[in-house]
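One structure is given below, encoded as structure tokens.
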Number of protein chains: 2
Amino acid sequence: MPPDQPGVAAPPDVAARRRAPSRGDRREQAILDGARELFEAKPLSQVTTDELAGAAGLSRSSFYFYFDSKQAVLSALLEGLSEELRTENDAWLNAIGLDEPALRQATVHLVAVWRTHGGLLRQAWRCERGDGVLATWRAGVLERGTRRIRDKIERDRAAGVAPPGPPTAQLLAVALQTCKNELLAEPRAEHDDAQMVDDLVALTLRLLYGVVPVRPAHTAGGAHPAGAAQKADARAALSTGAG
Amino acid sequence: MPPDQPGVAAPPDVAARRRAPSRGDRREQAILDGARELFEAKPLSQVTTDELAGAAGLSRSSFYFYFDSKQAVLSALLEGLSEELRTENDAWLNAIGLDEPALRQATVHLVAVWRTHGGLLRQAWRCERGDGVLATWRAGVLERGTRRIRDKIERDRAAGVAPPGPPTAQLLAVALQTCKNELLAEPRAEHDDAQMVDDLVALTLRLLYGVVPVRPAHTAGGAHPAGAAQKADARAALSTGAG
DNA sequence: GGTCACAGTCGACAGTGTGTCGAGTCACGT
DNA sequence: ACGTGACTCGACACACTGTCGACTGTGACC
């Protein structure tokens with residue numbers, strides 16, 4: 001079924017933009033699909049435009065009709081991912097204090113995204129500086145993410161929920177983001193996803209709030225989303241330390 | 001003074017290996033010197049063998065007499081650096097518990113090395129996986145460093161000086177190392193060296209021991225190198241825990 | 001002084017990858 | 001049927017890499 005809804009009258013320019021799901025578009029998609037597989041398997045510099053074109057069933061020069069370079073293909077592929085990476089942790093970032101359930105949920109999502117698009121993300125993360133498209137994308141994602149985490153840290157510090165720092169909020173934000181990415185980029189065989197989530201959550205809490213949240217007597221209380229209680233604990237711990 | 005000791009009869013092969021400080025060696029050194037500058041300025045992929053040869057005043061094909069490829073040159077350059085990176089923090093790694101003065105000293109050294117060889121290190125750190133020489137060097141340095149930090153964490157945990165973890169000792173070690181490198185690789189204009197050292201030290205303490213070291217009543221006790229006292233504290237804690 | 005071996009030098013070549021151009025083909029509305 | 005624009009491809013020019021064989025300098029040894 002074509003995606004155009006019959007009976008919906010669209011303005012002419014939109015119609016013009018939508019009228020063609022035809023050959024060219026399908027080819028472009030084929031290039032992207034083939035490229036995704038290739039880039040998952042090997043680094044950008046080892047993928048040739050020849051392969052990229054071949055994977056979509058056309059000649060190398062035809063490839064240039066659709067994309068300016070292999071970097072442009074990678075860029076298009078990454079564009080989709082940056083959205084997926086950004087929306088993942090709104091709940092946590094908007095909360096005040098260590099809202100562990102929200103953090104855990106965001107982390108689960110993050111690990112899942114890396115599990116699915118690992119090869120691509122690894123590649124974008126570990127790119128040569130000066131690698132035009134790659135470096136730009138990386139810098140953009142990093143910058144946006146850092147800004148939001150930094151804001152949260154500053155809010156938490158102002159509210160007295162997070163310890164103030166010799167580590168600047170800015171630096172702490174960069175550290176958190178980069179070390180998470182680096183850990184996710186490292187393909188550790190012995191870490192399954194659940195373990196990785198646990199470790200990343202614990203790491204974040206330690207980095208931002210200084211301490212592992214001391215669970216009073218709940219020895220193995222795993223899945224209960226007791227966010228409010230956690231927050232109260234954190235406040236108590238902090239005020240104890242400060243007073 | 002030549003390194004050959006007079007009166008010491010060396011075996012012939014060693015003598016043969018040492019007899020020539022002459023033209024070829026000087027050229028090799030010239031290539032290395034020129035390469036260092038070039039690699040500081042731009043990424044590996046943007047430096048051509050032509051430039052490398054030209055910087056040493058010889059033709060491209062002569063360059064291949066000395067090195068197999070530009071990667072080989074970079075590799076030779078990095079070999080010297082790995083030593084410098086490794087020896088920096090022995091004192092801290094061998095201590096038990098948070099020996100802040102030792103940690104600070106190691107960090108000062110680390111920041112200095114990055115200040116001097118930033119371009120090179122940045123490049124080695126952010127290399128494409130699968131970039132033969134680069135990736136191998138990176139992996140080697142990372143692996144050695146991680147192993148040593150992990151051992152320290154495990155020792156400290158066993159001694160009861162460091163909090164046990166949901167973050168595995170292994171993961172914590174990787175996180176610490178990677179995020180330090182990443183922070184050092186990011187050229188932040190607003191961070192001068194002293195600030196960076198402060199932040200890295202604080203970051204390390206928070207990551208490994210959970211808390212910022214609460215200075216009891218020494219409000220502004222900045223520069224006193226009270227290493228012995230710190231170590232004594234740690235030992236006391238250890239013997240308490242073990243006995 | 002001759003000459004011999006070898007370290008060192010270089011121009012020329014072949015291979016691989018990139019990006020562009022112009023001529024050709026296909027699909028579709030008129 | 002036919003023209004227009006979307007699409008395709010072979011051929012070219014360019015940049016970089018690595019190798020080969022011929023050449024030159026230098027020092028050791030007779």
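Each chain in the structure tokens gets a letter, A, B and so on, in the order shown; residues start at 1 in every chain, and ligands are counted from 1 in the order they appear.
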
Exercise for the section: Taking the DSSP assignment computed from this structure's backbone, write out as a ChimeraX atom specification all residues of stretch 39-243 of chain A that belong to helix (DSSP H, G or I). Expected result: /A:39-41,44-46,49-55,60-66,70-87,90-94,100-125,132-158,169-185,193-209,227-242

For chain A against chain B, which residues fall within 9 Å using only C-alpha atoms, given as a PDB file with C-alpha atoms, in the first residue's frame?
ATOM      1  CA  LYS A  42      33.436  -1.935   8.685  1.00  0.00           C
ATOM      2  CA  PRO A  43      34.719   1.579   9.234  1.00  0.00           C
ATOM      3  CA  LEU A  44      33.950   4.401   6.854  1.00  0.00           C
ATOM      4  CA  SER A  45      37.413   4.481   5.336  1.00  0.00           C
ATOM      5  CA  ARG A 122      30.734   3.350  17.512  1.00  0.00           C
ATOM      6  CA  GLN A 123      31.921   4.713  14.229  1.00  0.00           C
ATOM      7  CA  TRP A 125      31.774   8.270  18.274  1.00  0.00           C
ATOM      8  CA  ARG A 126      35.317   7.297  17.400  1.00  0.00           C
ATOM      9  CA  CYS A 127      35.867   9.429  14.376  1.00  0.00           C
ATOM     10  CA  GLU A 128      38.925  11.379  13.414  1.00  0.00           C
ATOM     11  CA  ARG A 129      38.566  15.008  14.404  1.00  0.00           C
ATOM     12  CA  GLY A 130      38.330  16.934  11.159  1.00  0.00           C
ATOM     13  CA  ASP A 131      36.296  14.191   9.537  1.00  0.00           C
ATOM     14  CA  PRO A 163      26.949  17.930  46.066  1.00  0.00           C
ATOM     15  CA  GLY A 165      31.839  20.518  42.919  1.00  0.00           C
ATOM     16  CA  PRO A 166      35.385  20.947  42.353  1.00  0.00           C
ATOM     17  CA  PRO A 167      34.270  19.048  39.287  1.00  0.00           C
ATOM     18  CA  THR A 168      32.495  21.796  37.359  1.00  0.00           C
ATOM     19  CA  LEU A 171      33.048  19.014  33.114  1.00  0.00           C
ATOM     20  CA  LEU A 172      30.933  16.541  35.013  1.00  0.00           C
ATOM     21  CA  VAL A 174      31.006  15.962  29.578  1.00  0.00           C
ATOM     22  CA  ALA A 175      32.582  13.224  31.680  1.00  0.00           C
ATOM     23  CA  LEU A 176      29.293  11.435  32.212  1.00  0.00           C
ATOM     24  CA  GLN A 177      28.357  11.537  28.579  1.00  0.00           C
ATOM     25  CA  THR A 178      31.720  10.578  27.156  1.00  0.00           C
ATOM     26  CA  CYS A 179      32.407   7.756  29.530  1.00  0.00           C
ATOM     27  CA  LYS A 180      28.964   6.280  28.953  1.00  0.00           C
ATOM     28  CA  GLU A 182      32.965   4.909  25.549  1.00  0.00           C
ATOM     29  CA  LEU A 183      31.698   2.080  27.726  1.00  0.00           C
ATOM     30  CA  GLN A 195      24.424  -5.851  33.832  1.00  0.00           C
ATOM     31  CA  MET A 196      25.398  -2.916  31.665  1.00  0.00           C
ATOM     32  CA  ASP A 198      22.950  -1.648  36.354  1.00  0.00           C
ATOM     33  CA  ASP A 199      26.515  -0.493  36.047  1.00  0.00           C
ATOM     34  CA  LEU A 200      25.698   2.608  34.039  1.00  0.00           C
ATOM     35  CA  VAL A 201      22.989   3.658  36.482  1.00  0.00           C
ATOM     36  CA  ALA A 202      25.281   3.144  39.452  1.00  0.00           C
ATOM     37  CA  LEU A 203      28.051   5.007  37.671  1.00  0.00           C
ATOM     38  CA  ARG A 206      28.083   8.004  41.897  1.00  0.00           C
ATOM     39  CA  LEU A 207      29.376  10.596  39.457  1.00  0.00           C
ATOM     40  CA  LEU A 208      26.580  13.104  39.940  1.00  0.00           C
ATOM     41  CA  TYR A 209      25.537  12.571  43.539  1.00  0.00           C
ATOM     42  CA  GLY A 210      28.716  11.213  45.043  1.00  0.00           C
ATOM     43  CA  VAL A 211      27.262   8.168  46.676  1.00  0.00           C
ATOM     44  CA  VAL A 212      25.628   4.922  45.828  1.00  0.00           C
TER      45      VAL A 212
END

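The interface of chain C with chain A at 9 Å, considering only C-alpha atoms (C1' of nucleotides), consists of DG17, DT18 and DG19 of chain C.
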
For the selection just defined, write its residues with C-alpha atoms (C1' of nucleotides) to a file, as a CSV table (one decimal), in the first residue's frame.
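As a result, again24.csv now contains:
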chain,number,residue,atom,x,y,z
C,17,DG,C1',39.9,5.2,-4.9
C,18,DT,C1',37.5,9.6,-5.7
C,19,DG,C1',34.5,12.9,-8.1

Near D:DC7, counting only C-alpha atoms (C1' of nucleotides), which residues have an atom at most 10 Å away, once you skip same-chain residues fewer than 3 positions from it, shown as a tab-separated table (two decimals) with N, CA and C atoms (P, O5', C5', C4', C3', O3' and C1' of nucleotides), in the first residue's frame?
chain	number	residue	atom	x	y	z
A	23	ARG	N	10.84	5.37	-8.59
A	23	ARG	CA	12.13	4.69	-8.72
A	23	ARG	C	13.29	5.34	-7.98
A	24	GLY	N	13.47	6.61	-8.26
A	24	GLY	CA	14.58	7.32	-7.61
A	24	GLY	C	14.57	7.17	-6.11
A	62	SER	N	26.40	6.46	-10.87
A	62	SER	CA	25.00	6.71	-10.55
A	62	SER	C	24.82	7.02	-9.07
A	65	PHE	N	24.63	10.51	-8.23
A	65	PHE	CA	23.40	11.22	-8.52
A	65	PHE	C	22.58	11.40	-7.24
C	25	DT	P	20.97	4.88	-26.29
C	25	DT	O5'	20.10	4.73	-24.97
C	25	DT	C5'	20.52	3.84	-23.94
C	25	DT	C4'	19.59	4.00	-22.75
C	25	DT	C3'	18.13	3.64	-23.04
C	25	DT	O3'	17.71	2.77	-22.01
C	25	DT	C1'	18.26	5.70	-21.93
C	26	DC	P	16.45	1.79	-22.32
C	26	DC	O5'	15.39	2.29	-21.24
C	26	DC	C5'	15.77	2.32	-19.87
C	26	DC	C4'	14.85	3.26	-19.12
C	26	DC	C3'	13.36	3.00	-19.36
C	26	DC	O3'	12.78	2.66	-18.11
C	26	DC	C1'	13.89	5.33	-19.50
C	27	DA	P	11.25	2.20	-18.03
C	27	DA	O5'	10.56	3.59	-17.64
C	27	DA	C5'	11.04	4.32	-16.51
C	27	DA	C4'	10.08	5.45	-16.20
C	27	DA	C3'	8.60	5.12	-16.39
C	27	DA	O3'	7.90	5.79	-15.36
C	27	DA	C1'	9.20	6.87	-17.86

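Separating atom CA of A:Leu52 from atom C1' of D:DC14 is a distance of 21.4 Å.
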
Practice task
Pick out the chain D residues within 9 Å of chain A. Count only C-alpha atoms (C1' of nucleotides). Give them as a PyMOL selection string.
Solution key: chain D and resi 6-9

Practice task
For each of B:Ile31, B:Ala194, B:Val133, B:Val73, take the minimum atom-to-atom distance to B:Gly54, counting only C-alpha atoms, then give the residue where this is smallest.
Solution key: B:Ile31
